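Q: One file is attached below, model06.txt, containing compact mmCIF, N, CA and C atoms.
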# COMPACT_ATOMS: atom_id res chain seq x y z
N MET A 1 85.06 100.22 88.33
CA MET A 1 84.65 101.50 87.81
C MET A 1 83.28 101.90 88.37
N ARG A 2 82.43 100.89 88.52
CA ARG A 2 81.08 101.17 89.03
C ARG A 2 81.14 101.73 90.46
N ALA A 3 82.04 101.18 91.26
CA ALA A 3 82.18 101.65 92.64
C ALA A 3 82.65 103.10 92.67
N LYS A 4 83.58 103.46 91.78
CA LYS A 4 84.06 104.83 91.72
C LYS A 4 82.95 105.78 91.31
N LEU A 5 82.15 105.37 90.36
CA LEU A 5 81.03 106.20 89.91
C LEU A 5 80.00 106.38 91.03
N THR A 6 79.70 105.30 91.72
CA THR A 6 78.75 105.37 92.84
C THR A 6 79.27 106.30 93.92
N TYR A 7 80.57 106.17 94.23
CA TYR A 7 81.18 107.03 95.25
C TYR A 7 81.12 108.50 94.82
N ALA A 8 81.42 108.77 93.56
CA ALA A 8 81.40 110.15 93.06
C ALA A 8 80.00 110.74 93.12
N VAL A 9 79.00 109.97 92.72
CA VAL A 9 77.62 110.45 92.75
C VAL A 9 77.18 110.70 94.19
N THR A 10 77.50 109.77 95.08
CA THR A 10 77.14 109.93 96.49
C THR A 10 77.82 111.16 97.08
N ALA A 11 79.10 111.35 96.77
CA ALA A 11 79.83 112.51 97.28
C ALA A 11 79.22 113.80 96.74
N ALA A 12 78.84 113.83 95.48
CA ALA A 12 78.24 115.03 94.89
C ALA A 12 76.90 115.34 95.56
N VAL A 13 76.11 114.33 95.81
CA VAL A 13 74.82 114.53 96.49
C VAL A 13 75.05 115.06 97.90
N LEU A 14 76.04 114.51 98.59
CA LEU A 14 76.35 114.99 99.94
C LEU A 14 76.81 116.44 99.93
N VAL A 15 77.66 116.80 98.98
CA VAL A 15 78.13 118.18 98.90
C VAL A 15 76.95 119.12 98.63
N PHE A 16 76.05 118.71 97.74
CA PHE A 16 74.85 119.51 97.48
C PHE A 16 74.04 119.68 98.77
N TYR A 17 73.87 118.60 99.51
CA TYR A 17 73.14 118.64 100.77
C TYR A 17 73.84 119.57 101.77
N PHE A 18 75.17 119.48 101.84
CA PHE A 18 75.91 120.34 102.76
C PHE A 18 75.73 121.81 102.41
N VAL A 19 75.74 122.14 101.14
CA VAL A 19 75.53 123.52 100.70
C VAL A 19 74.12 123.97 101.06
N LEU A 20 73.15 123.11 100.81
CA LEU A 20 71.75 123.44 101.12
C LEU A 20 71.57 123.68 102.62
N VAL A 21 72.08 122.79 103.44
CA VAL A 21 71.95 122.93 104.89
C VAL A 21 72.73 124.16 105.37
N GLY A 22 73.93 124.35 104.81
CA GLY A 22 74.73 125.51 105.19
C GLY A 22 74.04 126.82 104.88
N SER A 23 73.37 126.88 103.72
CA SER A 23 72.65 128.11 103.38
C SER A 23 71.50 128.37 104.35
N ARG A 24 70.86 127.31 104.79
CA ARG A 24 69.78 127.47 105.79
C ARG A 24 70.35 127.98 107.11
N GLY A 25 71.52 127.48 107.48
CA GLY A 25 72.17 127.94 108.71
C GLY A 25 72.51 129.42 108.63
N VAL A 26 73.02 129.85 107.47
CA VAL A 26 73.35 131.27 107.27
C VAL A 26 72.08 132.11 107.34
N MET A 27 70.99 131.63 106.73
CA MET A 27 69.72 132.37 106.78
C MET A 27 69.23 132.53 108.22
N LEU A 28 69.39 131.48 109.02
CA LEU A 28 68.98 131.56 110.42
C LEU A 28 69.83 132.59 111.17
N ILE A 29 71.13 132.60 110.91
CA ILE A 29 72.01 133.57 111.57
C ILE A 29 71.66 134.99 111.15
N GLN A 30 71.33 135.18 109.89
CA GLN A 30 70.99 136.52 109.39
C GLN A 30 69.69 137.05 109.99
N SER A 31 68.85 136.16 110.50
CA SER A 31 67.60 136.62 111.12
C SER A 31 67.89 137.49 112.34
N GLY A 32 68.96 137.19 113.05
CA GLY A 32 69.43 138.09 114.08
C GLY A 32 68.92 137.89 115.48
N THR A 33 67.95 137.03 115.71
CA THR A 33 67.50 136.81 117.09
C THR A 33 68.41 135.79 117.76
N VAL A 34 68.39 135.80 119.06
CA VAL A 34 69.27 134.91 119.82
C VAL A 34 69.00 133.45 119.47
N ILE A 35 67.74 133.09 119.41
CA ILE A 35 67.37 131.70 119.13
C ILE A 35 67.78 131.30 117.71
N THR A 36 67.49 132.14 116.72
CA THR A 36 67.82 131.76 115.33
C THR A 36 69.33 131.75 115.10
N VAL A 37 70.06 132.64 115.75
CA VAL A 37 71.52 132.61 115.61
C VAL A 37 72.08 131.34 116.23
N THR A 38 71.55 130.97 117.39
CA THR A 38 71.98 129.73 118.05
C THR A 38 71.68 128.52 117.16
N PHE A 39 70.46 128.44 116.63
CA PHE A 39 70.10 127.34 115.73
C PHE A 39 70.94 127.38 114.46
N GLY A 40 71.20 128.57 113.94
CA GLY A 40 72.00 128.71 112.73
C GLY A 40 73.40 128.17 112.92
N ILE A 41 74.01 128.48 114.05
CA ILE A 41 75.35 127.96 114.35
C ILE A 41 75.31 126.44 114.48
N ALA A 42 74.29 125.94 115.16
CA ALA A 42 74.14 124.49 115.31
C ALA A 42 73.95 123.82 113.94
N VAL A 43 73.18 124.43 113.08
CA VAL A 43 72.95 123.88 111.75
C VAL A 43 74.23 123.92 110.91
N LEU A 44 75.05 124.93 111.08
CA LEU A 44 76.30 125.02 110.32
C LEU A 44 77.34 123.99 110.76
N ILE A 45 77.23 123.53 111.98
CA ILE A 45 78.18 122.53 112.48
C ILE A 45 78.01 121.21 111.73
N LEU A 46 76.77 120.85 111.40
CA LEU A 46 76.52 119.57 110.73
C LEU A 46 77.23 119.47 109.37
N PRO A 47 77.14 120.47 108.49
CA PRO A 47 77.87 120.34 107.22
C PRO A 47 79.39 120.32 107.41
N VAL A 48 79.89 121.03 108.41
CA VAL A 48 81.33 121.03 108.66
C VAL A 48 81.78 119.61 109.04
N ILE A 49 81.04 118.97 109.91
CA ILE A 49 81.36 117.59 110.29
C ILE A 49 81.23 116.67 109.07
N GLY A 50 80.19 116.88 108.29
CA GLY A 50 79.99 116.06 107.10
C GLY A 50 81.10 116.22 106.07
N VAL A 51 81.55 117.43 105.84
CA VAL A 51 82.64 117.67 104.89
C VAL A 51 83.92 117.03 105.40
N TRP A 52 84.18 117.16 106.70
CA TRP A 52 85.37 116.54 107.28
C TRP A 52 85.31 115.02 107.09
N PHE A 53 84.17 114.42 107.39
CA PHE A 53 84.00 112.97 107.27
C PHE A 53 84.17 112.53 105.81
N LEU A 54 83.58 113.25 104.89
CA LEU A 54 83.70 112.93 103.47
C LEU A 54 85.16 113.05 103.02
N TRP A 55 85.85 114.09 103.46
CA TRP A 55 87.25 114.29 103.10
C TRP A 55 88.12 113.15 103.63
N LYS A 56 87.93 112.77 104.89
CA LYS A 56 88.73 111.69 105.48
C LYS A 56 88.47 110.36 104.76
N ASN A 57 87.23 110.09 104.42
CA ASN A 57 86.92 108.85 103.70
C ASN A 57 87.50 108.86 102.30
N THR A 58 87.46 110.01 101.64
CA THR A 58 88.04 110.11 100.30
C THR A 58 89.54 109.89 100.36
N GLN A 59 90.21 110.47 101.35
CA GLN A 59 91.65 110.25 101.51
C GLN A 59 91.95 108.77 101.75
N PHE A 60 91.14 108.13 102.58
CA PHE A 60 91.33 106.71 102.88
C PHE A 60 91.20 105.86 101.62
N VAL A 61 90.16 106.11 100.85
CA VAL A 61 89.92 105.34 99.62
C VAL A 61 91.05 105.55 98.62
N ARG A 62 91.48 106.79 98.47
CA ARG A 62 92.57 107.07 97.53
C ARG A 62 93.87 106.39 97.97
N SER A 63 94.15 106.41 99.26
CA SER A 63 95.35 105.75 99.77
C SER A 63 95.27 104.24 99.58
N ALA A 64 94.12 103.66 99.87
CA ALA A 64 93.95 102.21 99.70
C ALA A 64 94.09 101.83 98.22
N ASN A 65 93.54 102.64 97.33
CA ASN A 65 93.67 102.36 95.90
C ASN A 65 95.12 102.49 95.44
N ARG A 66 95.84 103.45 96.00
CA ARG A 66 97.25 103.63 95.67
C ARG A 66 98.05 102.39 96.08
N LEU A 67 97.77 101.86 97.27
CA LEU A 67 98.44 100.66 97.73
C LEU A 67 98.07 99.46 96.86
N ALA A 68 96.80 99.36 96.48
CA ALA A 68 96.36 98.26 95.63
C ALA A 68 97.07 98.30 94.28
N ALA A 69 97.21 99.50 93.72
CA ALA A 69 97.89 99.63 92.43
C ALA A 69 99.36 99.24 92.55
N GLU A 70 100.00 99.64 93.63
CA GLU A 70 101.41 99.30 93.84
C GLU A 70 101.58 97.79 94.03
N LEU A 71 100.68 97.21 94.82
CA LEU A 71 100.75 95.77 95.06
C LEU A 71 100.45 94.99 93.78
N ASP A 72 99.55 95.49 92.98
CA ASP A 72 99.24 94.86 91.69
C ASP A 72 100.45 94.91 90.77
N ALA A 73 101.14 96.04 90.75
CA ALA A 73 102.34 96.17 89.91
C ALA A 73 103.43 95.19 90.34
N GLU A 74 103.46 94.88 91.64
CA GLU A 74 104.43 93.92 92.16
C GLU A 74 103.98 92.47 91.97
N GLY A 75 102.71 92.31 91.59
CA GLY A 75 102.16 90.96 91.46
C GLY A 75 101.78 90.35 92.80
N GLY A 76 101.52 91.19 93.78
CA GLY A 76 101.25 90.71 95.13
C GLY A 76 99.81 90.82 95.60
N LEU A 77 98.90 91.19 94.70
CA LEU A 77 97.50 91.26 95.13
C LEU A 77 97.00 89.87 95.48
N PRO A 78 96.17 89.75 96.50
CA PRO A 78 95.65 88.43 96.86
C PRO A 78 94.75 87.88 95.74
N VAL A 79 94.93 86.61 95.43
CA VAL A 79 94.14 85.95 94.41
C VAL A 79 92.80 85.57 95.02
N ASP A 80 91.73 85.76 94.27
CA ASP A 80 90.40 85.39 94.77
C ASP A 80 90.26 83.87 94.68
N GLU A 81 90.45 83.21 95.82
CA GLU A 81 90.37 81.77 95.88
C GLU A 81 89.17 81.32 96.71
N LEU A 82 88.24 82.22 96.92
CA LEU A 82 87.10 81.94 97.79
C LEU A 82 86.01 81.19 97.04
N ARG A 83 85.43 80.22 97.73
CA ARG A 83 84.28 79.52 97.17
C ARG A 83 83.06 80.42 97.34
N ARG A 84 82.12 80.26 96.45
CA ARG A 84 80.89 81.07 96.46
C ARG A 84 79.67 80.17 96.62
N THR A 85 78.63 80.75 97.19
CA THR A 85 77.36 80.05 97.26
C THR A 85 76.69 80.13 95.89
N PRO A 86 75.66 79.35 95.65
CA PRO A 86 74.96 79.45 94.35
C PRO A 86 74.44 80.87 94.08
N GLY A 87 74.17 81.63 95.12
CA GLY A 87 73.70 83.00 94.96
C GLY A 87 74.82 84.00 94.72
N GLY A 88 76.09 83.54 94.77
CA GLY A 88 77.22 84.41 94.49
C GLY A 88 77.90 84.98 95.72
N ARG A 89 77.37 84.70 96.90
CA ARG A 89 77.99 85.21 98.12
C ARG A 89 79.19 84.36 98.49
N ILE A 90 80.11 84.97 99.23
CA ILE A 90 81.31 84.26 99.66
C ILE A 90 80.95 83.23 100.73
N ASP A 91 81.46 82.01 100.55
CA ASP A 91 81.25 80.95 101.53
C ASP A 91 82.00 81.29 102.81
N ARG A 92 81.32 81.25 103.91
CA ARG A 92 81.89 81.68 105.20
C ARG A 92 83.10 80.85 105.61
N ASP A 93 83.01 79.53 105.44
CA ASP A 93 84.14 78.65 105.81
C ASP A 93 85.36 78.95 104.95
N SER A 94 85.13 79.21 103.68
CA SER A 94 86.22 79.54 102.76
C SER A 94 86.89 80.84 103.18
N ALA A 95 86.08 81.83 103.54
CA ALA A 95 86.62 83.12 104.00
C ALA A 95 87.42 82.94 105.28
N ASP A 96 86.94 82.07 106.18
CA ASP A 96 87.67 81.82 107.43
C ASP A 96 89.01 81.15 107.18
N GLU A 97 89.07 80.23 106.20
CA GLU A 97 90.33 79.57 105.87
C GLU A 97 91.36 80.57 105.35
N VAL A 98 90.92 81.40 104.42
CA VAL A 98 91.83 82.40 103.85
C VAL A 98 92.24 83.40 104.92
N PHE A 99 91.30 83.78 105.77
CA PHE A 99 91.60 84.72 106.84
C PHE A 99 92.69 84.16 107.77
N ALA A 100 92.59 82.88 108.12
CA ALA A 100 93.58 82.28 109.02
C ALA A 100 94.98 82.34 108.40
N ARG A 101 95.07 82.09 107.11
CA ARG A 101 96.38 82.17 106.44
C ARG A 101 96.90 83.60 106.42
N ARG A 102 96.02 84.56 106.12
CA ARG A 102 96.44 85.97 106.07
C ARG A 102 96.85 86.47 107.44
N LYS A 103 96.15 86.01 108.47
CA LYS A 103 96.51 86.42 109.83
C LYS A 103 97.88 85.88 110.21
N ALA A 104 98.15 84.63 109.86
CA ALA A 104 99.45 84.03 110.15
C ALA A 104 100.54 84.77 109.38
N GLU A 105 100.27 85.11 108.13
CA GLU A 105 101.22 85.86 107.32
C GLU A 105 101.55 87.21 107.96
N THR A 106 100.53 87.87 108.48
CA THR A 106 100.72 89.18 109.12
C THR A 106 101.48 89.04 110.44
N GLU A 107 101.21 87.98 111.19
CA GLU A 107 101.94 87.75 112.44
C GLU A 107 103.42 87.47 112.18
N ASP A 108 103.71 86.84 111.04
CA ASP A 108 105.10 86.55 110.68
C ASP A 108 105.84 87.81 110.21
N ALA A 109 105.11 88.76 109.63
CA ALA A 109 105.73 89.99 109.12
C ALA A 109 104.89 91.19 109.54
N PRO A 110 104.91 91.53 110.84
CA PRO A 110 104.02 92.59 111.34
C PRO A 110 104.36 94.00 110.84
N ASP A 111 105.53 94.19 110.29
CA ASP A 111 105.92 95.52 109.80
C ASP A 111 105.81 95.64 108.29
N ASP A 112 105.23 94.65 107.63
CA ASP A 112 105.09 94.66 106.17
C ASP A 112 103.70 95.14 105.80
N TRP A 113 103.62 96.27 105.11
CA TRP A 113 102.32 96.82 104.74
C TRP A 113 101.56 95.88 103.81
N ARG A 114 102.29 95.08 103.02
CA ARG A 114 101.64 94.17 102.08
C ARG A 114 100.80 93.12 102.80
N SER A 115 101.36 92.58 103.88
CA SER A 115 100.61 91.57 104.63
C SER A 115 99.38 92.18 105.31
N TRP A 116 99.51 93.43 105.77
CA TRP A 116 98.36 94.10 106.38
C TRP A 116 97.29 94.41 105.33
N PHE A 117 97.72 94.75 104.12
CA PHE A 117 96.76 94.99 103.04
C PHE A 117 95.97 93.71 102.75
N ARG A 118 96.70 92.59 102.61
CA ARG A 118 96.03 91.32 102.32
C ARG A 118 95.13 90.89 103.49
N LEU A 119 95.55 91.19 104.73
CA LEU A 119 94.70 90.90 105.89
C LEU A 119 93.43 91.73 105.85
N ALA A 120 93.55 92.99 105.45
CA ALA A 120 92.37 93.85 105.33
C ALA A 120 91.38 93.28 104.32
N VAL A 121 91.90 92.77 103.20
CA VAL A 121 91.03 92.15 102.20
C VAL A 121 90.35 90.91 102.79
N ALA A 122 91.10 90.13 103.55
CA ALA A 122 90.52 88.93 104.17
C ALA A 122 89.45 89.30 105.19
N TYR A 123 89.69 90.34 105.99
CA TYR A 123 88.66 90.82 106.92
C TYR A 123 87.41 91.24 106.15
N HIS A 124 87.60 91.96 105.06
CA HIS A 124 86.47 92.42 104.26
C HIS A 124 85.69 91.22 103.70
N ASP A 125 86.40 90.22 103.21
CA ASP A 125 85.73 89.03 102.67
C ASP A 125 84.98 88.28 103.76
N ALA A 126 85.48 88.36 105.00
CA ALA A 126 84.81 87.71 106.13
C ALA A 126 83.69 88.59 106.71
N ARG A 127 83.42 89.71 106.04
CA ARG A 127 82.36 90.67 106.42
C ARG A 127 82.62 91.34 107.78
N ASP A 128 83.89 91.58 108.07
CA ASP A 128 84.25 92.28 109.29
C ASP A 128 84.82 93.65 108.89
N THR A 129 83.93 94.55 108.51
CA THR A 129 84.33 95.83 107.96
C THR A 129 85.14 96.69 108.93
N PRO A 130 84.77 96.80 110.21
CA PRO A 130 85.58 97.64 111.10
C PRO A 130 87.03 97.18 111.20
N ARG A 131 87.24 95.87 111.31
CA ARG A 131 88.62 95.37 111.39
C ARG A 131 89.33 95.49 110.04
N ALA A 132 88.58 95.35 108.96
CA ALA A 132 89.18 95.54 107.63
C ALA A 132 89.69 96.96 107.49
N ARG A 133 88.92 97.92 107.95
CA ARG A 133 89.32 99.32 107.87
C ARG A 133 90.56 99.59 108.72
N LYS A 134 90.56 99.05 109.94
CA LYS A 134 91.72 99.24 110.83
C LYS A 134 92.98 98.62 110.22
N ALA A 135 92.85 97.43 109.65
CA ALA A 135 94.00 96.78 109.03
C ALA A 135 94.49 97.58 107.82
N MET A 136 93.57 98.13 107.05
CA MET A 136 93.97 98.94 105.89
C MET A 136 94.63 100.24 106.36
N GLN A 137 94.11 100.85 107.42
CA GLN A 137 94.74 102.05 107.96
C GLN A 137 96.16 101.75 108.42
N ARG A 138 96.36 100.59 109.00
CA ARG A 138 97.70 100.20 109.43
C ARG A 138 98.62 99.98 108.22
N ALA A 139 98.09 99.35 107.18
CA ALA A 139 98.88 99.14 105.96
C ALA A 139 99.29 100.47 105.35
N ILE A 140 98.37 101.42 105.32
CA ILE A 140 98.66 102.75 104.77
C ILE A 140 99.74 103.45 105.60
N ALA A 141 99.60 103.38 106.92
CA ALA A 141 100.58 104.03 107.81
C ALA A 141 101.96 103.40 107.64
N LEU A 142 102.01 102.08 107.57
CA LEU A 142 103.29 101.40 107.39
C LEU A 142 103.92 101.77 106.05
N HIS A 143 103.10 101.80 105.02
CA HIS A 143 103.59 102.15 103.68
C HIS A 143 104.15 103.56 103.65
N ASP A 144 103.46 104.47 104.30
CA ASP A 144 103.86 105.88 104.27
C ASP A 144 104.93 106.21 105.31
N GLY A 145 105.31 105.23 106.12
CA GLY A 145 106.34 105.45 107.12
C GLY A 145 105.89 106.27 108.31
N ARG A 146 104.58 106.26 108.55
CA ARG A 146 104.05 106.99 109.71
C ARG A 146 103.99 106.07 110.91
N PRO A 147 103.94 106.65 112.11
CA PRO A 147 103.83 105.80 113.32
C PRO A 147 102.53 105.01 113.29
N VAL A 148 102.61 103.78 113.78
CA VAL A 148 101.46 102.89 113.77
C VAL A 148 100.93 102.75 115.18
N GLN A 149 99.61 102.87 115.30
CA GLN A 149 98.99 102.71 116.62
C GLN A 149 98.89 101.23 116.92
N ALA A 150 99.13 100.88 118.17
CA ALA A 150 99.11 99.46 118.57
C ALA A 150 97.72 98.92 118.67
Show me the file's structure as structure tokens.
A:
Amino acid sequence: MRAKLTYAVTAAVLVFYFVLVGSRGVMLIQSGTVITVTFGIAVLILPVIGVWFLWKNTQFVRSANRLAAELDAEGGLPVDELRRTPGGRIDRDSADEVFARRKAETEDAPDDWRSWFRLAVAYHDARDTPRARKAMQRAIALHDGRPVQA
């Protein structure tokens, strides 16, 4: 719940920022000189990119949560079997062991979204966020029946 609240607050702050920057861009365009119109258009591009990025991330999070809920209902969510350091961080060797099993599971069933979901969790636990995201995107695509990029 805390993560959802943090995400919502961050998204609200970003939307406020986008509106603020967008209004400045409109003010520059309304000034009417060639330079201010050019800067105004450039300033308006930034919130558009930001809104697109926020929208895509929100869609990704909602899809990943939908898959997690479905996998939980099936009883297939990965069990947290990772050892922790005294400070509470995940032990690297433990994460590598679980990752090796999840990778083998995914290689055995490359078209199963469930195995890709569990692999994404293992990547995340191993602190490999870019690969975790790619694996989760693949799980979402497989679940939704969309073409999967190699």
Q: From a backbone DSSP assignment, name each residue in range 32-130 of chain A labelled alpha helix (DSSP H), as an NGL selection string.
A: :A and (34-74 or 92-108 or 113-125 or 129-130)
Q: Mind pulling up the distance from CA of Ala64 in chain A to CA of Glu97 in chain A?
A: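 Answer for the CA of Glu97 in chain A to CA of Ala64 in chain A separation: 23.7 Å.
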Q: One number please: atom C of Ala120 in chain A to atom C of Ala132 in chain A, in Å, one decimal.
A: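 Those two atoms sit 5.1 Å apart.
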Q: In Å, with one decimal, what is the gap from CA of Thr6 in chain A to CA of Thr129 in chain A?
A: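 Straight-line distance from CA of Thr6 in chain A to CA of Thr129 in chain A works out to 18.7 Å.
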Q: Please determine, counting only C-alpha atoms, which residue among A:Arg62, A:Ile49, A:His143, A:Leu44 has the shortest atom-to-atom distance to Tyr7 in chain A.
A: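 Selected residue with least distance to Tyr7 in chain A: A:Arg62.
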Q: Excluding Met27 in chain A and residues on its chain fewer than 5 positions from it, collect all residues at most 8 Å away from it, counting all atoms listed in the file, and give them as a PyMOL selection string.
A: chain A and resi 21-22+32+36-37+40
Q: Can you pull out every residue within 10 Å of Ala139 in chain A, counting only C-alpha atoms, but drop anything in the same chain fewer than 2 positions away, and send it as a compact mmCIF listing (two decimals) with N, CA and C atoms, keeping the file's coordinate frame?
A:
# COMPACT_ATOMS: atom_id res chain seq x y z
N SER A 63 94.15 106.41 99.26
CA SER A 63 95.35 105.75 99.77
C SER A 63 95.27 104.24 99.58
N ALA A 64 94.12 103.66 99.87
CA ALA A 64 93.95 102.21 99.70
C ALA A 64 94.09 101.83 98.22
N LEU A 67 97.77 101.86 97.27
CA LEU A 67 98.44 100.66 97.73
C LEU A 67 98.07 99.46 96.86
N PRO A 110 104.91 91.53 110.84
CA PRO A 110 104.02 92.59 111.34
C PRO A 110 104.36 94.00 110.84
N ASP A 111 105.53 94.19 110.29
CA ASP A 111 105.92 95.52 109.80
C ASP A 111 105.81 95.64 108.29
N ASP A 112 105.23 94.65 107.63
CA ASP A 112 105.09 94.66 106.17
C ASP A 112 103.70 95.14 105.80
N TRP A 113 103.62 96.27 105.11
CA TRP A 113 102.32 96.82 104.74
C TRP A 113 101.56 95.88 103.81
N ARG A 114 102.29 95.08 103.02
CA ARG A 114 101.64 94.17 102.08
C ARG A 114 100.80 93.12 102.80
N SER A 115 101.36 92.58 103.88
CA SER A 115 100.61 91.57 104.63
C SER A 115 99.38 92.18 105.31
N TRP A 116 99.51 93.43 105.77
CA TRP A 116 98.36 94.10 106.38
C TRP A 116 97.29 94.41 105.33
N PHE A 117 97.72 94.75 104.12
CA PHE A 117 96.76 94.99 103.04
C PHE A 117 95.97 93.71 102.75
N ARG A 118 96.70 92.59 102.61
CA ARG A 118 96.03 91.32 102.32
C ARG A 118 95.13 90.89 103.49
N LEU A 119 95.55 91.19 104.73
CA LEU A 119 94.70 90.90 105.89
C LEU A 119 93.43 91.73 105.85
N ALA A 120 93.55 92.99 105.45
CA ALA A 120 92.37 93.85 105.33
C ALA A 120 91.38 93.28 104.32
N ARG A 133 88.92 97.92 107.95
CA ARG A 133 89.32 99.32 107.87
C ARG A 133 90.56 99.59 108.72
N LYS A 134 90.56 99.05 109.94
CA LYS A 134 91.72 99.24 110.83
C LYS A 134 92.98 98.62 110.22
N ALA A 135 92.85 97.43 109.65
CA ALA A 135 94.00 96.78 109.03
C ALA A 135 94.49 97.58 107.82
N MET A 136 93.57 98.13 107.05
CA MET A 136 93.97 98.94 105.89
C MET A 136 94.63 100.24 106.36
N GLN A 137 94.11 100.85 107.42
CA GLN A 137 94.74 102.05 107.96
C GLN A 137 96.16 101.75 108.42
N ALA A 141 99.60 103.38 106.92
CA ALA A 141 100.58 104.03 107.81
C ALA A 141 101.96 103.40 107.64
N LEU A 142 102.01 102.08 107.57
CA LEU A 142 103.29 101.40 107.39
C LEU A 142 103.92 101.77 106.05
N HIS A 143 103.10 101.80 105.02
CA HIS A 143 103.59 102.15 103.68
C HIS A 143 104.15 103.56 103.65
N ASP A 144 103.46 104.47 104.30
CA ASP A 144 103.86 105.88 104.27
C ASP A 144 104.93 106.21 105.31
N GLY A 145 105.31 105.23 106.12
CA GLY A 145 106.34 105.45 107.12
C GLY A 145 105.89 106.27 108.31
N VAL A 148 102.61 103.78 113.78
CA VAL A 148 101.46 102.89 113.77
C VAL A 148 100.93 102.75 115.18
Q: Go through A:Val121, A:Val51, A:Val98, A:Ala73 one by one, measure the shortest atom-to-atom distance of each to Val15 in chain A using only N, CA and C atoms, and give the residue with the smallest value.
A: A:Val51
Q: Would you mind completing range 27-39 of chain A so that it carries N, CA, C and O atoms, and writing it out as a CSV table (one decimal), in the coordinates of the input?
A:
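selection_1.csv was written with the following content:
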chain,number,residue,atom,x,y,z
A,27,MET,N,71.0,131.6,106.7
A,27,MET,CA,69.7,132.4,106.8
A,27,MET,C,69.2,132.5,108.2
A,27,MET,O,68.7,133.6,108.6
A,28,LEU,N,69.4,131.5,109.0
A,28,LEU,CA,69.0,131.6,110.4
A,28,LEU,C,69.8,132.6,111.2
A,28,LEU,O,69.3,133.4,112.0
A,29,ILE,N,71.1,132.6,110.9
A,29,ILE,CA,72.0,133.6,111.6
A,29,ILE,C,71.7,135.0,111.2
A,29,ILE,O,71.6,135.9,112.0
A,30,GLN,N,71.3,135.2,109.9
A,30,GLN,CA,71.0,136.5,109.4
A,30,GLN,C,69.7,137.0,110.0
A,30,GLN,O,69.5,138.3,110.0
A,31,SER,N,68.8,136.2,110.5
A,31,SER,CA,67.6,136.6,111.1
A,31,SER,C,67.9,137.5,112.3
A,31,SER,O,67.1,138.4,112.6
A,32,GLY,N,69.0,137.2,113.0
A,32,GLY,CA,69.4,138.1,114.1
A,32,GLY,C,68.9,137.9,115.5
A,32,GLY,O,69.4,138.5,116.4
A,33,THR,N,68.0,137.0,115.7
A,33,THR,CA,67.5,136.8,117.1
A,33,THR,C,68.4,135.8,117.8
A,33,THR,O,69.1,135.0,117.1
A,34,VAL,N,68.4,135.8,119.1
A,34,VAL,CA,69.3,134.9,119.8
A,34,VAL,C,69.0,133.4,119.5
A,34,VAL,O,69.9,132.7,119.3
A,35,ILE,N,67.7,133.1,119.4
A,35,ILE,CA,67.4,131.7,119.1
A,35,ILE,C,67.8,131.3,117.7
A,35,ILE,O,68.4,130.2,117.5
A,36,THR,N,67.5,132.1,116.7
A,36,THR,CA,67.8,131.8,115.3
A,36,THR,C,69.3,131.8,115.1
A,36,THR,O,69.8,130.9,114.3
A,37,VAL,N,70.1,132.6,115.8
A,37,VAL,CA,71.5,132.6,115.6
A,37,VAL,C,72.1,131.3,116.2
A,37,VAL,O,73.0,130.7,115.7
A,38,THR,N,71.6,131.0,117.4
A,38,THR,CA,72.0,129.7,118.0
A,38,THR,C,71.7,128.5,117.2
A,38,THR,O,72.6,127.7,117.0
A,39,PHE,N,70.5,128.4,116.6
A,39,PHE,CA,70.1,127.3,115.7
A,39,PHE,C,70.9,127.4,114.5
A,39,PHE,O,71.3,126.3,113.9
